[in-house]
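Engineer: If it helps, the file is called data07.cif and holds mmCIF, C-alpha atoms:
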data_query
#
loop_
_atom_site.label_atom_id
_atom_site.label_comp_id
_atom_site.auth_asym_id
_atom_site.auth_seq_id
_atom_site.Cartn_x
_atom_site.Cartn_y
_atom_site.Cartn_z
CA MET A 1 114.00 27.39 210.28
CA ASP A 2 116.56 25.03 208.77
CA SER A 3 116.48 21.71 210.68
CA THR A 4 120.20 21.16 210.06
CA TRP A 5 121.08 24.43 211.81
CA ILE A 6 118.90 23.47 214.82
CA TYR A 7 120.66 20.10 215.06
CA TRP A 8 124.13 21.66 215.17
CA VAL A 9 123.14 24.26 217.77
CA THR A 10 121.72 21.51 219.98
CA LEU A 11 124.80 19.32 219.53
CA MET A 12 127.22 22.14 220.47
CA GLY A 13 125.18 22.87 223.60
CA TRP A 14 125.42 19.25 224.71
CA LEU A 15 129.17 19.19 224.07
CA ALA A 16 129.72 22.42 226.02
CA ARG A 17 127.68 21.14 228.94
CA GLY A 18 129.59 17.88 228.97
CA ALA A 19 132.96 19.65 228.86
CA SER A 20 132.08 21.92 231.76
CA SER A 21 130.97 19.01 233.96
CA SER A 22 133.75 16.53 233.06
CA PRO A 23 135.75 15.39 236.11
CA LEU A 24 139.22 16.78 236.83
CA ASP A 25 142.15 14.38 236.64
CA THR A 26 144.82 16.39 238.52
CA VAL A 27 145.03 18.96 241.27
CA GLY A 28 147.97 21.15 242.23
CA ALA A 29 149.86 20.78 245.50
CA PRO A 30 149.92 23.50 248.16
CA GLN A 31 152.79 25.97 248.03
CA ASP A 32 155.22 27.60 250.46
CA LEU A 33 154.78 25.15 253.36
CA ARG A 34 156.38 26.58 256.52
CA ILE A 35 156.66 25.86 260.24
CA VAL A 36 156.59 29.24 261.94
CA ASP A 37 158.00 29.81 265.44
CA PRO A 38 156.45 32.94 267.06
CA GLY A 39 158.69 32.60 270.12
CA PHE A 40 156.22 30.74 272.35
CA LEU A 41 158.69 27.98 273.30
CA GLY A 42 156.99 25.19 271.38
CA PHE A 43 153.58 26.51 270.37
CA MET A 44 154.00 26.89 266.60
CA SER A 45 152.07 27.42 263.36
CA VAL A 46 152.18 25.34 260.19
CA THR A 47 151.21 27.52 257.20
CA TRP A 48 150.91 27.07 253.44
CA GLN A 49 149.50 28.74 250.34
CA PRO A 50 146.89 27.32 247.93
CA PRO A 51 147.92 25.71 244.63
CA SER A 52 148.54 28.05 241.70
CA THR A 53 145.39 26.76 239.97
CA LEU A 54 142.15 25.64 241.54
CA PRO A 55 138.56 25.12 240.32
CA ALA A 56 136.39 28.21 240.22
CA PRO A 57 135.27 29.31 243.72
CA GLY A 58 132.10 27.51 244.73
CA SER A 59 132.38 24.80 242.09
CA CYS A 60 134.34 22.30 244.24
CA ALA A 61 135.10 21.72 247.92
CA VAL A 62 138.84 22.31 248.38
CA ARG A 63 140.40 20.93 251.56
CA TYR A 64 143.90 20.25 252.83
CA GLU A 65 145.25 17.20 254.63
CA LEU A 66 148.03 18.11 257.08
CA LYS A 67 150.26 15.60 258.84
CA TYR A 68 152.90 16.56 261.41
CA ARG A 69 155.06 15.03 264.14
CA ASN A 70 158.31 15.33 266.00
CA ALA A 71 161.02 13.37 264.20
CA GLY A 72 161.34 9.89 265.63
CA GLN A 73 157.68 9.55 266.59
CA GLU A 74 155.96 6.56 265.05
CA TYR A 75 152.60 8.18 264.33
CA TRP A 76 151.62 11.36 262.52
CA GLN A 77 149.01 13.79 263.81
CA THR A 78 146.45 14.29 261.01
CA VAL A 79 144.18 17.27 260.37
CA ILE A 80 141.69 17.87 257.53
CA THR A 81 140.96 21.56 257.14
CA THR A 82 139.79 24.23 254.69
CA LYS A 83 142.15 26.78 256.27
CA LEU A 84 145.73 27.61 255.30
CA SER A 85 147.29 27.20 258.76
CA TYR A 86 147.19 25.09 261.90
CA GLU A 87 148.65 25.59 265.40
CA ASP A 88 149.82 23.04 267.96
CA GLU A 89 152.49 22.24 270.54
CA PHE A 90 155.83 20.80 269.39
CA ASP A 91 158.91 19.54 271.21
CA LEU A 92 161.72 21.90 270.23
CA ASN A 93 164.35 19.50 271.57
CA GLY A 94 164.06 17.53 268.30
CA ALA A 95 163.35 17.99 264.62
CA ILE A 96 159.79 18.73 263.45
CA GLU A 97 158.27 17.25 260.27
CA ALA A 98 155.16 18.42 258.40
CA LYS A 99 153.55 17.58 255.09
CA VAL A 100 150.37 18.76 253.38
CA ARG A 101 148.39 17.98 250.24
CA THR A 102 145.30 19.29 248.46
CA ILE A 103 142.05 17.30 248.37
CA LEU A 104 139.22 17.95 245.92
CA GLY A 105 135.89 16.64 247.15
CA ASP A 106 133.58 14.16 245.49
CA ASP A 107 131.40 16.96 244.13
CA CYS A 108 134.14 17.47 241.53
CA MET A 109 135.05 13.85 241.01
CA ASP A 110 131.84 11.90 240.28
CA GLY A 111 131.72 10.41 243.79
CA SER A 112 135.45 10.08 244.46
CA SER A 113 138.12 12.49 245.74
CA LEU A 114 141.35 13.66 244.16
CA HIS A 115 144.63 14.21 246.05
CA SER A 116 147.67 16.22 245.06
CA PRO A 117 151.23 15.06 245.76
CA TRP A 118 152.55 15.73 249.26
CA VAL A 119 154.63 18.83 250.01
CA GLN A 120 157.01 18.33 252.95
CA THR A 121 159.26 20.39 255.22
CA VAL A 122 161.52 19.71 258.22
CA VAL A 123 162.74 22.11 260.90
CA GLN A 124 165.88 21.06 262.76
CA PRO A 125 166.35 21.75 266.50
CA ASP A 126 168.44 24.64 267.73
CA SER A 127 172.06 23.46 267.51
CA ARG A 128 173.56 26.40 269.37
CA GLY A 129 175.29 25.94 272.69
CA ALA A 130 178.29 24.08 274.07
CA LEU A 131 177.84 20.33 274.32
CA GLY A 132 177.20 18.98 277.80
CA THR A 133 175.76 22.25 279.15
CA ARG A 134 172.07 21.35 278.91
CA VAL A 135 170.37 21.41 282.33
CA GLN A 136 169.68 18.08 284.02
CA ASP A 137 166.88 16.71 286.18
CA LEU A 138 164.48 19.62 285.80
CA ARG A 139 161.62 19.07 288.26
CA CYS A 140 158.58 21.28 288.75
CA VAL A 141 156.16 21.06 291.70
CA TYR A 142 152.94 23.08 292.06
CA THR A 143 152.70 23.09 295.85
CA ASN A 144 149.13 22.89 297.15
CA TRP A 145 147.82 24.31 293.83
CA GLU A 146 149.31 27.67 294.83
CA GLN A 147 153.07 28.03 294.24
CA LEU A 148 155.13 26.67 291.33
CA LEU A 149 158.80 25.91 291.90
CA CYS A 150 161.10 24.46 289.22
CA THR A 151 164.62 23.27 290.02
CA TRP A 152 167.45 21.77 287.94
CA ARG A 153 171.08 20.71 288.03
CA PRO A 154 173.67 22.38 285.78
CA GLY A 155 174.92 20.43 282.78
CA GLU A 156 177.79 18.04 283.41
CA ASP A 157 180.24 20.11 281.36
CA ALA A 158 178.93 23.55 282.31
CA PRO A 159 181.73 25.70 283.76
CA PRO A 160 181.29 27.22 287.24
CA GLU A 161 180.57 30.66 285.78
CA ALA A 162 177.74 29.38 283.56
CA ASP A 163 174.53 31.25 284.29
CA TYR A 164 171.15 29.74 283.40
CA HIS A 165 167.96 31.62 282.56
CA LEU A 166 164.38 30.32 282.52
CA TYR A 167 161.63 31.53 280.18
CA TYR A 168 157.99 30.44 280.19
CA TRP A 169 154.81 30.94 278.15
CA TYR A 170 151.18 29.83 278.21
CA HIS A 171 148.04 30.88 276.31
CA GLY A 172 147.07 34.34 277.43
CA LEU A 173 150.61 35.79 277.48
CA ALA A 174 151.55 38.11 274.63
CA GLN A 175 155.16 36.91 274.75
CA ALA A 176 157.46 34.59 276.69
CA GLN A 177 158.28 35.78 280.20
CA VAL A 178 161.61 35.53 282.03
CA CYS A 179 161.89 34.26 285.60
CA GLU A 180 162.08 37.08 288.12
CA ASP A 181 162.76 35.07 291.30
CA TYR A 182 165.63 32.62 290.87
CA VAL A 183 166.89 30.03 293.34
CA SER A 184 170.69 30.20 293.44
CA ALA A 185 173.43 27.85 294.64
CA ASP A 186 177.19 28.31 294.34
CA GLY A 187 176.64 31.59 292.55
CA ARG A 188 174.41 30.38 289.71
CA HIS A 189 170.74 29.82 289.04
CA VAL A 190 169.41 26.34 289.86
CA GLY A 191 165.67 27.05 290.10
CA CYS A 192 162.82 29.50 289.67
CA ARG A 193 159.88 30.53 291.85
CA PHE A 194 156.90 31.68 289.83
CA PRO A 195 154.22 34.28 290.54
CA SER A 196 150.54 33.39 290.82
CA LEU A 197 149.62 31.14 287.89
CA GLN A 198 145.91 30.44 288.27
CA GLU A 199 145.33 31.66 284.69
CA ALA A 200 147.73 28.96 283.44
CA GLU A 201 145.88 25.97 284.90
CA TYR A 202 144.60 23.33 282.46
CA LYS A 203 146.79 24.79 279.70
CA ASP A 204 150.09 23.75 278.18
CA PHE A 205 152.82 25.52 280.13
CA ASN A 206 156.01 25.84 278.07
CA ILE A 207 159.45 26.28 279.65
CA CYS A 208 162.88 26.93 278.15
CA VAL A 209 166.11 26.94 280.18
CA ASN A 210 169.19 28.32 278.42
CA GLY A 211 172.07 30.63 279.32
CA SER A 212 175.67 31.57 278.65
CA PHE A 213 179.14 31.91 280.08
CA SER A 214 181.71 34.56 279.35
CA SER A 215 185.11 32.88 279.05
CA PRO A 216 185.06 32.52 276.12
CA PRO A 217 181.63 33.99 275.27
CA THR A 218 179.53 30.89 274.65
CA SER A 219 175.85 30.03 274.88
CA LEU A 220 174.50 27.03 276.80
CA GLN A 221 172.39 24.36 275.14
CA PRO A 222 168.69 25.22 275.44
CA THR A 223 166.24 22.70 276.88
CA TYR A 224 162.47 22.79 276.39
CA PHE A 225 159.70 21.32 278.55
CA THR A 226 155.90 21.34 278.36
CA LEU A 227 153.72 20.52 281.36
CA GLN A 228 150.28 21.24 282.81
CA LEU A 229 150.11 22.62 286.32
CA GLN A 230 147.22 20.51 287.61
CA ASN A 231 149.29 17.36 286.86
CA ILE A 232 152.21 18.36 289.12
CA VAL A 233 150.27 19.46 292.22
CA GLN A 234 151.68 18.28 295.54
CA PRO A 235 149.22 18.91 298.40
CA ARG A 236 150.24 19.72 301.92
CA PRO A 237 149.93 16.77 304.33
CA PRO A 238 146.53 16.11 305.94
CA GLU A 239 146.16 17.46 309.47
CA GLY A 240 144.25 16.85 312.67
CA LEU A 241 144.09 13.05 312.73
CA THR A 242 141.55 11.83 315.29
CA MET A 243 140.07 8.45 316.07
CA GLN A 244 136.94 7.08 317.67
CA GLN A 245 135.84 3.51 318.27
CA LYS A 246 132.96 2.36 316.00
CA ASN A 247 132.00 -0.96 317.58
CA PRO A 248 131.77 -3.48 316.08
CA GLU A 249 133.13 -2.07 312.81
CA GLY A 250 136.45 -0.91 314.22
CA PRO A 251 138.18 2.43 314.83
CA LEU A 252 137.15 5.33 312.59
CA LEU A 253 140.05 7.55 311.57
CA GLU A 254 139.22 11.12 310.51
CA TRP A 255 141.39 14.01 309.39
CA GLN A 256 141.24 17.49 307.86
CA PRO A 257 142.02 17.92 304.14
CA PRO A 258 145.00 20.16 303.35
CA ARG A 259 144.11 23.81 303.73
CA GLY A 260 144.41 25.96 300.63
CA LEU A 261 143.05 26.17 297.09
CA ILE A 262 142.59 22.46 296.35
CA PRO A 263 138.86 21.59 296.33
CA PRO A 264 138.22 18.70 298.77
CA ALA A 265 136.47 16.75 295.99
CA CYS A 266 139.75 16.77 294.03
CA LEU A 267 141.65 14.78 296.67
CA GLU A 268 142.25 11.09 297.33
CA TYR A 269 144.02 9.62 300.34
CA HIS A 270 146.41 6.81 301.14
CA ILE A 271 146.27 5.48 304.72
CA GLN A 272 149.03 3.29 306.07
CA GLY A 273 149.23 1.34 309.32
CA LYS A 274 152.66 0.72 310.75
CA GLY A 275 153.79 -1.64 313.47
CA PRO A 276 157.16 -2.38 315.07
CA LEU A 277 158.27 -4.30 311.98
CA GLY A 278 157.06 -1.79 309.38
CA ALA A 279 153.95 -1.43 307.22
CA LEU A 280 151.05 -3.67 308.28
CA TRP A 281 148.19 -2.63 306.03
CA GLU A 282 147.03 0.07 303.61
CA ARG A 283 143.73 1.72 302.80
CA TRP A 284 142.63 4.21 300.13
CA SER A 285 139.78 6.68 300.50
CA SER A 286 138.13 9.49 298.56
CA ASP A 287 136.79 11.00 301.80
CA PRO A 288 138.69 12.38 304.80
CA GLU A 289 137.93 9.29 306.89
CA ALA A 290 138.56 5.55 306.92
CA LEU A 291 137.60 2.52 309.01
CA LEU A 292 140.69 0.81 310.37
CA PRO A 293 141.19 -2.90 311.11
CA GLN A 294 139.76 -3.91 314.45
CA PRO A 295 142.53 -4.48 317.03
CA GLY A 296 142.70 -8.09 318.19
CA PRO A 297 144.78 -10.54 320.21
CA GLY A 298 148.30 -10.95 318.91
CA ARG A 299 148.27 -7.73 316.91
CA PRO A 300 151.04 -5.28 317.78
CA ALA A 301 150.43 -1.63 318.52
CA THR A 302 149.77 0.30 315.31
CA CYS A 303 150.54 3.82 314.24
CA VAL A 304 148.64 5.30 311.31
CA ARG A 305 149.55 8.09 308.90
CA VAL A 306 147.83 9.64 305.87
CA ARG A 307 148.94 11.38 302.68
CA ALA A 308 146.96 13.08 299.90
CA ARG A 309 147.04 13.43 296.11
CA VAL A 310 144.91 15.14 293.45
CA ASN A 311 142.57 12.50 292.03
CA MET A 312 141.87 11.47 288.44
CA PHE A 313 138.75 13.64 288.24
CA CYS A 314 140.81 16.83 288.48
CA ALA A 315 144.14 15.85 286.90
CA GLN A 316 145.79 13.16 284.81
CA ASP A 317 148.59 12.78 287.31
CA GLY A 318 149.72 14.14 290.65
CA LEU A 319 152.31 14.01 293.42
CA TRP A 320 151.68 12.48 296.82
CA SER A 321 151.99 14.84 299.75
CA GLU A 322 154.38 14.16 302.57
CA TRP A 323 152.96 11.86 305.25
CA SER A 324 150.96 13.38 308.06
CA ALA A 325 152.08 13.16 311.67
CA GLU A 326 151.46 9.68 313.01
CA LEU A 327 148.62 8.80 315.34
CA CYS A 328 149.35 5.66 317.36
CA LEU A 329 146.80 3.11 318.60
CA PRO A 330 147.46 1.09 321.73
CA GLY A 331 147.64 -2.63 321.21
CA PRO A 332 145.32 -5.21 322.81
CA GLY A 333 145.75 -5.39 326.57
CA GLN A 334 147.33 -1.95 326.74
CA ASP A 335 145.70 0.97 328.48
CA GLY A 336 143.97 2.46 325.46
CA GLY A 337 140.54 3.08 326.89
CA THR A 338 141.35 6.59 327.93
CA LEU A 339 142.62 7.51 324.47
CA LEU A 340 139.62 6.14 322.58
CA GLN A 341 137.10 7.34 325.13
CA GLY A 342 138.69 10.75 325.24
CA VAL A 343 138.43 11.08 321.48
CA ARG A 344 134.85 9.90 321.61
CA ARG A 345 134.04 12.52 324.25
CA LEU A 346 135.42 15.23 321.96
CA ALA A 347 133.02 14.32 319.17
CA PRO A 348 129.79 15.80 320.62
CA SER A 349 131.57 19.07 321.48
CA ARG A 350 133.06 19.29 318.01
CA LEU A 351 129.75 18.59 316.32
CA SER A 352 127.89 21.02 318.53
CA LYS A 353 130.05 23.82 317.14
CA GLY A 354 128.94 23.09 313.62
CA GLN A 355 132.20 21.45 312.61
CA SER A 356 130.68 18.26 311.28
CA ARG A 357 132.54 16.09 308.81
CA ARG A 358 133.47 18.10 305.73
CA ARG A 359 131.52 17.33 302.62
CA PRO A 360 133.36 17.45 299.27
CA SER A 361 132.66 20.60 297.28
CA ARG A 362 132.19 20.69 293.53
CA ALA A 363 135.35 19.78 291.66
CA ARG A 364 137.38 22.53 290.01
CA GLY A 365 137.07 22.93 286.27
#
Could you rewrite the structure in this file as structure tokens?
Structural biologist:
Amino acid sequence: MDSTWIYWVTLMGWLARGASSSPLDTVGAPQDLRIVDPGFLGFMSVTWQPPSTLPAPGSCAVRYELKYRNAGQEYWQTVITTKLSYEDEFDLNGAIEAKVRTILGDDCMDGSSLHSPWVQTVVQPDSRGALGTRVQDLRCVYTNWEQLLCTWRPGEDAPPEADYHLYYWYHGLAQAQVCEDYVSADGRHVGCRFPSLQEAEYKDFNICVNGSFSSPPTSLQPTYFTLQLQNIVQPRPPEGLTMQQKNPEGPLLEWQPPRGLIPPACLEYHIQGKGPLGALWERWSSDPEALLPQPGPGRPATCVRVRARVNMFCAQDGLWSEWSAELCLPGPGQDGGTLLQGVRRLAPSRLSKGQSRRRPSRARG
């Protein structure tokens, strides 16, 4: 066989192999970037389409870098994904910004990566509604982890006939729901009582309050809120305060945790001693009991009270309960023996009925 012919065949093979493995120097940007609102009051999708040209499937790792934020926020949320969409919560009271670009991995780039230009989009907030009609001071309380109540004040410039409506959504609902049990004052809605919401706990709970008035026909400015129910729980006050003398440690105050759905291990307590001139001392406890300061000469009579709140192990925030009824201690030299002895005499009877001090149960969630 002619050696010249063999040389040229070999050379062409090398050139073809080199051309097929040469690194890319550009990559196309994603197309048709959109922020899609499915009507979930803030839970939205960012979607895009792949570039018009990409390396052959399987030859390179193609990923997308997505950045998004509400306008005015300093920092972007960043996601690296191989998918063509991403979902998250947004604040619909302001504009929303998103941008995305294509990334080719180092398997195409001889150890480096290649990025396309950014593609950006902005969605402006809903501008409908008469100025000054947005609700004010919306406050939601999840009483004793059982009943959610949200209340608000009408907008400053809302006419008397303005009627507000509340909508809500959380994961698990097919569509936003409208309030069915409004609180009314002066002929218009100023609050909403919700049905059982145990399925909504530890999820984003989205709320929109909007409305209209008829003369002339005009819509009210919508307002959007996102909260989580476990962070707005307000327990009922502790009950059944009792006291017994624990010499020499001092009086032991005990109480019953609020009855209801809140696990005892999810509660913390604030104990306050009050004298004739106001607060004297404070204690905090994770159990339904606390040792109090030992009464001594010169100390005025003290009354104690307790309140409860969901602790940091079960929520990021919480509302203090109202204070319990006060239990008053007699001061030194006063006839307090009967009170303390009487409480001490109750203890064996109470324990004999199996009602020993409550132990915390396993925390919810």
Engineer: From (140.8, 13.6, 290.7), in the file's coordinates, out to 9 Å: which residues are reached, counting all atoms listed in the file? Answer as a PDB file with C-alpha atoms, keeping the file's coordinate frame.
Structural biologist:
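The resulting out-v5.pdb:
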ATOM      1  CA  ALA A 265     136.470  16.750 295.990  1.00  0.00           C
ATOM      2  CA  CYS A 266     139.750  16.770 294.030  1.00  0.00           C
ATOM      3  CA  LEU A 267     141.650  14.780 296.670  1.00  0.00           C
ATOM      4  CA  GLU A 268     142.250  11.090 297.330  1.00  0.00           C
ATOM      5  CA  ARG A 309     147.040  13.430 296.110  1.00  0.00           C
ATOM      6  CA  VAL A 310     144.910  15.140 293.450  1.00  0.00           C
ATOM      7  CA  ASN A 311     142.570  12.500 292.030  1.00  0.00           C
ATOM      8  CA  MET A 312     141.870  11.470 288.440  1.00  0.00           C
ATOM      9  CA  PHE A 313     138.750  13.640 288.240  1.00  0.00           C
ATOM     10  CA  CYS A 314     140.810  16.830 288.480  1.00  0.00           C
ATOM     11  CA  ALA A 315     144.140  15.850 286.900  1.00  0.00           C
ATOM     12  CA  GLN A 316     145.790  13.160 284.810  1.00  0.00           C
ATOM     13  CA  ASP A 317     148.590  12.780 287.310  1.00  0.00           C
ATOM     14  CA  GLY A 318     149.720  14.140 290.650  1.00  0.00           C
ATOM     15  CA  ALA A 363     135.350  19.780 291.660  1.00  0.00           C
TER      16      ALA A 363
END
Engineer: CA of Asp126 in chain A and CA of Asn93 in chain A, how far apart in Å?
Structural biologist: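 So the answer is 7.6 Å.
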Engineer: Out of A:Ser116, A:Gln230, A:Gln31, A:Ser45, which residue has the shortest atom-to-atom distance to Glu89 in chain A when counting all atoms listed in the file?
Structural biologist: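 Checking each of A:Ser116, A:Gln230, A:Gln31, A:Ser45 against Glu89 in chain A, counting all atoms listed in the file, the winner is A:Ser45.
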Engineer: For Asn210 in chain A, which residue among A:Arg153, A:His165, A:Arg188, A:Arg128 is the nearest when counting all atoms listed in the file?
Structural biologist: A:His165
Engineer: Check which residues satisfy the PyMOL selection byres ((chain A and resi 195-200) around 8) in the file shown, then give them as a ChimeraX atom specification.
Structural biologist: /A:146-148,170-172,193-194,201-205,229
Engineer: Please, what distance in Å, to one decimal, runs between CA of His115 in chain A and CA of Glu74 in chain A?
Structural biologist: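 CA of His115 in chain A sits 23.4 Å away from CA of Glu74 in chain A.
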Engineer: Just want the 7 Å neighbourhood of range 237-242 of chain A, counted on all atoms listed in the file, with same-chain residues fewer than 3 positions away dropped. Output as a compact mmCIF listing (two decimals) with C-alpha atoms, in the coordinates of the input.
Structural biologist:
# COMPACT_ATOMS: atom_id res chain seq x y z
CA LEU A 253 140.05 7.55 311.57
CA GLU A 254 139.22 11.12 310.51
CA TRP A 255 141.39 14.01 309.39
CA GLN A 256 141.24 17.49 307.86
CA PRO A 257 142.02 17.92 304.14
CA PRO A 258 145.00 20.16 303.35
CA VAL A 306 147.83 9.64 305.87
CA ARG A 307 148.94 11.38 302.68
CA ALA A 308 146.96 13.08 299.90
CA SER A 321 151.99 14.84 299.75
CA GLU A 322 154.38 14.16 302.57
CA TRP A 323 152.96 11.86 305.25
CA SER A 324 150.96 13.38 308.06
CA LEU A 327 148.62 8.80 315.34
CA VAL A 343 138.43 11.08 321.48
Engineer: When you draw a straight line from CA of Thr47 in chain A to CA of Arg34 in chain A, how long is it in Å?
Structural biologist: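 Straight-line distance from CA of Thr47 in chain A to CA of Arg34 in chain A works out to 5.3 Å.
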Engineer: As a VMD selection string, please: the residues near range 217-228 of chain A (cut-off 6 Å, only C-alpha atoms, same-chain neighbours under 5 positions excluded).
Structural biologist: chain A and resid 129 to 130 133 to 134 203 to 212
Engineer: Can you write just those residues out, C-alpha atoms, as a short mmCIF file (atom, residue, chain, number, x, y, z; two decimals), in the frame of the given file?
Structural biologist:
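What landed in out31.cif:
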data_model
loop_
_atom_site.label_atom_id
_atom_site.label_comp_id
_atom_site.auth_asym_id
_atom_site.auth_seq_id
_atom_site.Cartn_x
_atom_site.Cartn_y
_atom_site.Cartn_z
CA GLY A 129 175.29 25.94 272.69
CA ALA A 130 178.29 24.08 274.07
CA THR A 133 175.76 22.25 279.15
CA ARG A 134 172.07 21.35 278.91
CA LYS A 203 146.79 24.79 279.70
CA ASP A 204 150.09 23.75 278.18
CA PHE A 205 152.82 25.52 280.13
CA ASN A 206 156.01 25.84 278.07
CA ILE A 207 159.45 26.28 279.65
CA CYS A 208 162.88 26.93 278.15
CA VAL A 209 166.11 26.94 280.18
CA ASN A 210 169.19 28.32 278.42
CA GLY A 211 172.07 30.63 279.32
CA SER A 212 175.67 31.57 278.65
#
Engineer: Between A:Asp91, A:Arg283, A:Tyr164, A:Arg139, which is the closest to Cys179 in chain A once you count all atoms listed in the file?
Structural biologist: A:Tyr164
Engineer: If the PyMOL selection byres ((chain A and resi 156) around 7) is run on the structure shown, which residues does it catch, given as a ChimeraX atom specification?
Structural biologist: /A:132-133,154-155,157-158
Engineer: So that I can check the surroundings of Glu97 in chain A, please list as a compact mmCIF listing (two decimals) with C-alpha atoms, keeping the file's coordinate frame every protein, DNA and RNA residue that reaches within 12 Å of it, counting all atoms listed in the file and ignoring chain neighbours fewer than 3 positions away.
Structural biologist:
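Full text of around35.txt as output:
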# COMPACT_ATOMS: atom_id res chain seq x y z
CA LEU A 33 154.78 25.15 253.36
CA ARG A 34 156.38 26.58 256.52
CA ILE A 35 156.66 25.86 260.24
CA VAL A 46 152.18 25.34 260.19
CA LEU A 66 148.03 18.11 257.08
CA LYS A 67 150.26 15.60 258.84
CA TYR A 68 152.90 16.56 261.41
CA ARG A 69 155.06 15.03 264.14
CA ASN A 70 158.31 15.33 266.00
CA ALA A 71 161.02 13.37 264.20
CA GLY A 72 161.34 9.89 265.63
CA GLN A 73 157.68 9.55 266.59
CA GLU A 74 155.96 6.56 265.05
CA TYR A 75 152.60 8.18 264.33
CA TRP A 76 151.62 11.36 262.52
CA GLN A 77 149.01 13.79 263.81
CA PHE A 90 155.83 20.80 269.39
CA ASP A 91 158.91 19.54 271.21
CA LEU A 92 161.72 21.90 270.23
CA GLY A 94 164.06 17.53 268.30
CA VAL A 100 150.37 18.76 253.38
CA VAL A 119 154.63 18.83 250.01
CA GLN A 120 157.01 18.33 252.95
CA THR A 121 159.26 20.39 255.22
CA VAL A 122 161.52 19.71 258.22
CA VAL A 123 162.74 22.11 260.90
CA GLN A 124 165.88 21.06 262.76
CA PRO A 125 166.35 21.75 266.50
Engineer: Name the residues captured by the PyMOL selection byres ((chain A and resi 272) around 12) when it is applied to the shown file; answer as a ChimeraX atom specification.
Structural biologist: /A:253,269-271,273-275,278-285,290-293,302-308,323-328
Engineer: Nearest residue to Val233 in chain A out of A:Cys140, A:Arg101, A:Gly250, A:Thr151, using all atoms listed in the file?
Structural biologist: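 Once distances to Val233 in chain A are computed over all atoms listed in the file, the minimum belongs to A:Cys140.
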Engineer: Contacts of Leu261 in chain A at 10 Å or less, counting only C-alpha atoms, minus same-chain residues fewer than 6 places along, as a PyMOL selection string?
Structural biologist: chain A and resi 144-146+235+364
Engineer: With distances taken over only C-alpha atoms, which of A:Lys246, A:Glu65, A:Pro55, A:Asp37 is nearest to Ile96 in chain A?
Structural biologist: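 Checking each of A:Lys246, A:Glu65, A:Pro55, A:Asp37 against Ile96 in chain A, counting only C-alpha atoms, the winner is A:Asp37.
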Engineer: Which of these residues is nearest to Ala95 in chain A, using all atoms listed in the file: A:Val190, A:Ser215, A:Gly42, A:Arg259?
Structural biologist: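 Going through A:Val190, A:Ser215, A:Gly42, A:Arg259 one by one, the smallest distance to Ala95 in chain A is for A:Gly42.
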